[in-house]
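> Below is a structure I'd like to ask you about.
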There are 2 protein chains.
Amino acid sequence: MISKVAIVGAGNVAWHLAHALKDAGCTIEYVCSRTTDRAEELAQSVNSRAVNDLSHISKADLVLVAISDDDTADVCDAIDAQFLVAHTSGMTHLDNISRERKAAFYPLQTFSRDKEVLMTEVPFCLEASDEGDLEDLRQLAQKISDSVQDVSSDQRQRLHLAAVFASNFVNHMYHLSEVIANNDNLDFDLLRPLIREVAGKINSLPPAQAQTGPARRKDMAAVKKHLEMLEGHPELRELYQVITNSIIKHHHGE
Amino acid sequence: MISKVAIVGAGNVAWHLAHALKDAGCTIEYVCSRTTDRAEELAQSVNSRAVNDLSHISKADLVLVAISDDDTADVCDAIDAQFLVAHTSGMTHLDNISRERKAAFYPLQTFSRDKEVLMTEVPFCLEASDEGDLEDLRQLAQKISDSVQDVSSDQRQRLHLAAVFASNFVNHMYHLSEVIANNDNLDFDLLRPLIREVAGKINSLPPAQAQTGPARRKDMAAVKKHLEMLEGHPELRELYQVITNSIIKHHHGE
């Protein structure tokens with residue numbers, strides 16, 4: 001059973017997982033980060049101690065590495081061989097980690113520091129080199145979430161890519177929509193009911209069937225007019241064109 | 001006061017507005033559409049009569065034209081001069097309509113036939129060539145919605161463009177995310193909590209501040225890996241590249 005946890009990292013994912021694990025009854029033994037201020041702040045909020053070097057970690061049932069995808073493999077490999085090390089990266093394949101006791105503990109959700117997340121709904125995607133470790137991680141994840149899945153490294157990378165479209169790219173569309181509205185002193189609030197409806201609609205209709213708009217209708221006069229309105233914004237114009245072409249391709253097979 | 005309404009069109013917008021107006025106490029005198037089957041069906045459901053020619057419309061306080069953007073101006077101009085004609089198109093400038101009594105009655109929302117919409121929340125963007133007509137349309141819209149705005153043709157076109165980003169493009173990202181997940185037999189349901197969170201998050205954070213992910217962090221190793229995973233899908237690859245560049249530009253100023 002996992003009850004003593006060391007957290008490596010002090011960013012958004014580390015922050016939310018540390019709190020969820022503490023709420024689930026775990027002791028957060030350490031928060032280890034090179035960013036001392038954030039480590040101190042997180043450590044204080046979960047009644048833990050901040051350390052700035054991996055070598056300070058002792059007595060932990062799990063070392064949870066919640067840092068950038070780029071650094072995950074190296075940091076996992078730098079942790080003492082005795083520990084079960086699990087990372088939270090969507091992109092880091094277990095094959096790229098050399099240590100023996102290795103695992104993934106990937107929450108398929110977006111986390112911002114100042115935004116509460118309903119953790120019981122977050123799908124936790126688990127994988128471990130050792131079957132006993134996997135079972136322990138499963139029990140741990142089930143204390144936090146109602147959605148716990150076994151997911152291979154290949155599948156996890158694929159889910160992460162799908163998540164970039166469904167999350168990061170979607171949010172960027174909101175951002176650009178706000179930029180366009182604000183350029184004309186229009187209130188972005190006018191677009192909020194639409195945004196809610198679009199996100200809710202795919203719970204009752206498949207996304208392909210929920211699609212509406214000029215590109216879906218192949219209303220080329222509206223597309224042309226929009227492109228004219230975006231003259232002087234070459235970046236938005238290219239983006240509009242590429243996404244419109246993609247919608248037409250998927251819905252009209254061209 | 002507007003109480004007798006003729007609806008031109010039998011598509012999604014016509015369908016939802018006809019029902020909302022009927023529920024608000026209006027009589028739907030006619031449903032006029034060249035698509036006879038759909039006109040019959042809509043007419044029946046709102047206790048109206050279907051006609052297939054504009055010349056059949058008589059006695060109506062308002063003729064509401066809810067058809068494709070492309071055809072809106074021509075159809076508005078083909079309606080007898082005596083009537084107040086309002087269209088629901090985001091893109092049709094009042095300047096492009098020749099008739100004297102002309103107006104816009106634009107609901108800023110996406111409508112699908114089989115999906116109920118909370119009409120009280122839908123922003124109705126109004127404009128009319130005549131001040132008295134505008135006031136009548138305002139009173140009518142207020143029977144349906146709590147969000148009624150005066151919006152000029154230029155602003156309406158700009159809002160429509162912003163809505164394409166916030167709605168059509170967002171939904172297409174959901175669609176592509178599903179395609180990517182399904183390509184690998186992964187359940188799109190795993191992505192639903194993420195989609196909900198992203199849409200909800202911008203109610204407490206501005207979209208720019210809510211942005212997360214590889215491009216936001218300028219994590220180029222993850223970007224490179226994703227592009228590799230999309231080899232063999234040139235369309236998705238281009239889209240990934242263009243949107244990623246745009247995120248980096250907006251967040252890192254490059």
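Letters A, B, ... go to the chains of the structure tokens in the order shown; residues in each chain start at 1; ligands are counted from 1 in the same order.
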Please extract the residues of stretch 61-153 of chain B with a backbone DSSP assignment of alpha helix (DSSP H) and present them as a list in words.
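Selecting the alpha helix (DSSP H) positions of stretch 61-153 of chain B gives Asp69, Asp70, Asp71, Thr72, Ala73, Asp74, Val75, Cys76, Asp77, Ala78, Glu131, Gly132, Asp133, Leu134, Glu135, Asp136, Leu137, Arg138, Gln139, Leu140, Ala141, Gln142, Lys143, Ile144 and Ser153 of chain B.
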> Counting only C-alpha atoms, a student should be able to say which residues of chain B come within 7 Å of chain A; what is the right answer, written as a PyMOL selection string?
chain B and resi 69-70+91+108-110+112+121-123+158-159+161-175+177+180-181+190-191+193-196+198-199+207-208+210-213+219+221-222+226+239+242-243+247
> What are the DSSP strand (DSSP E or B) residues of stretch 4-253 of chain A, as number ranges by chain?
A: 4-8, 27-32, 49-51, 62-65, 85-87, 102-107, 124-128, 148-150
> Write to file, as a compact mmCIF listing (two decimals), in the first residue's frame, the residues of the selection just made, with N, CA and C atoms.

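Saved file part10.txt follows:
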# COMPACT_ATOMS: atom_id res chain seq x y z
N LYS A 4 3.19 6.89 1.91
CA LYS A 4 4.19 7.97 1.98
C LYS A 4 4.62 8.35 0.57
N VAL A 5 4.38 9.59 0.22
CA VAL A 5 4.67 10.02 -1.15
C VAL A 5 5.66 11.18 -1.15
N ALA A 6 6.64 11.10 -2.05
CA ALA A 6 7.51 12.26 -2.33
C ALA A 6 7.09 12.82 -3.68
N ILE A 7 6.91 14.13 -3.73
CA ILE A 7 6.53 14.77 -4.99
C ILE A 7 7.76 15.47 -5.56
N VAL A 8 8.07 15.19 -6.82
CA VAL A 8 9.14 15.93 -7.50
C VAL A 8 8.47 16.89 -8.48
N THR A 27 0.59 10.78 3.25
CA THR A 27 1.51 11.78 3.79
C THR A 27 2.44 12.22 2.67
N ILE A 28 2.51 13.51 2.44
CA ILE A 28 3.46 14.01 1.44
C ILE A 28 4.77 14.27 2.19
N GLU A 29 5.71 13.35 2.03
CA GLU A 29 6.95 13.43 2.82
C GLU A 29 7.85 14.58 2.35
N TYR A 30 7.95 14.74 1.03
CA TYR A 30 8.84 15.77 0.47
C TYR A 30 8.18 16.43 -0.73
N VAL A 31 8.53 17.67 -0.91
CA VAL A 31 8.31 18.32 -2.21
C VAL A 31 9.69 18.73 -2.69
N CYS A 32 10.12 18.11 -3.79
CA CYS A 32 11.49 18.35 -4.28
C CYS A 32 11.43 19.15 -5.57
N ARG A 49 7.78 18.81 3.65
CA ARG A 49 9.00 19.62 3.71
C ARG A 49 9.59 19.76 2.30
N ALA A 50 10.10 20.93 2.02
CA ALA A 50 10.69 21.20 0.71
C ALA A 50 12.16 20.82 0.71
N VAL A 51 12.58 20.13 -0.34
CA VAL A 51 14.01 19.85 -0.53
C VAL A 51 14.35 20.23 -1.96
N LEU A 62 6.36 5.95 -2.75
CA LEU A 62 6.22 6.37 -4.15
C LEU A 62 6.90 7.72 -4.32
N VAL A 63 7.72 7.82 -5.36
CA VAL A 63 8.22 9.14 -5.76
C VAL A 63 7.48 9.51 -7.05
N LEU A 64 6.70 10.57 -6.95
CA LEU A 64 5.86 10.98 -8.07
C LEU A 64 6.51 12.17 -8.77
N VAL A 65 6.90 11.95 -10.03
CA VAL A 65 7.63 12.97 -10.79
C VAL A 65 6.64 13.73 -11.67
N VAL A 85 9.16 4.76 -8.77
CA VAL A 85 9.06 6.10 -9.36
C VAL A 85 7.97 6.10 -10.43
N ALA A 86 7.00 6.97 -10.28
CA ALA A 86 5.95 7.12 -11.31
C ALA A 86 5.97 8.56 -11.81
N HIS A 87 5.81 8.73 -13.13
CA HIS A 87 5.77 10.09 -13.67
C HIS A 87 4.38 10.40 -14.19
N LYS A 102 9.67 1.49 -12.55
CA LYS A 102 9.21 2.70 -13.22
C LYS A 102 7.73 2.56 -13.55
N ALA A 103 7.07 3.68 -13.58
CA ALA A 103 5.62 3.66 -13.80
C ALA A 103 5.15 5.00 -14.35
N ALA A 104 3.92 4.98 -14.89
CA ALA A 104 3.27 6.23 -15.31
C ALA A 104 1.98 6.38 -14.52
N PHE A 105 1.70 7.60 -14.12
CA PHE A 105 0.52 7.93 -13.32
C PHE A 105 0.01 9.23 -13.94
N TYR A 106 -0.67 9.07 -15.09
CA TYR A 106 -0.97 10.22 -15.95
C TYR A 106 -2.42 10.67 -15.80
N PRO A 107 -2.63 11.85 -15.24
CA PRO A 107 -4.00 12.37 -15.15
C PRO A 107 -4.35 13.10 -16.45
N PHE A 124 -7.31 8.59 -14.74
CA PHE A 124 -5.91 8.33 -14.42
C PHE A 124 -5.46 7.14 -15.26
N CYS A 125 -4.41 7.37 -16.07
CA CYS A 125 -3.91 6.35 -16.99
C CYS A 125 -2.64 5.75 -16.38
N LEU A 126 -2.68 4.48 -16.05
CA LEU A 126 -1.60 3.86 -15.28
C LEU A 126 -0.84 2.82 -16.09
N GLU A 127 0.45 2.71 -15.78
CA GLU A 127 1.31 1.70 -16.39
C GLU A 127 2.48 1.50 -15.43
N ALA A 128 2.95 0.27 -15.27
CA ALA A 128 4.11 0.05 -14.39
C ALA A 128 4.90 -1.15 -14.88
N VAL A 148 -10.12 5.03 -13.45
CA VAL A 148 -8.72 4.57 -13.43
C VAL A 148 -8.55 3.52 -14.52
N GLN A 149 -7.56 3.72 -15.39
CA GLN A 149 -7.40 2.88 -16.57
C GLN A 149 -5.97 2.35 -16.68
N ASP A 150 -5.82 1.13 -17.19
CA ASP A 150 -4.50 0.66 -17.62
C ASP A 150 -4.28 1.14 -19.04
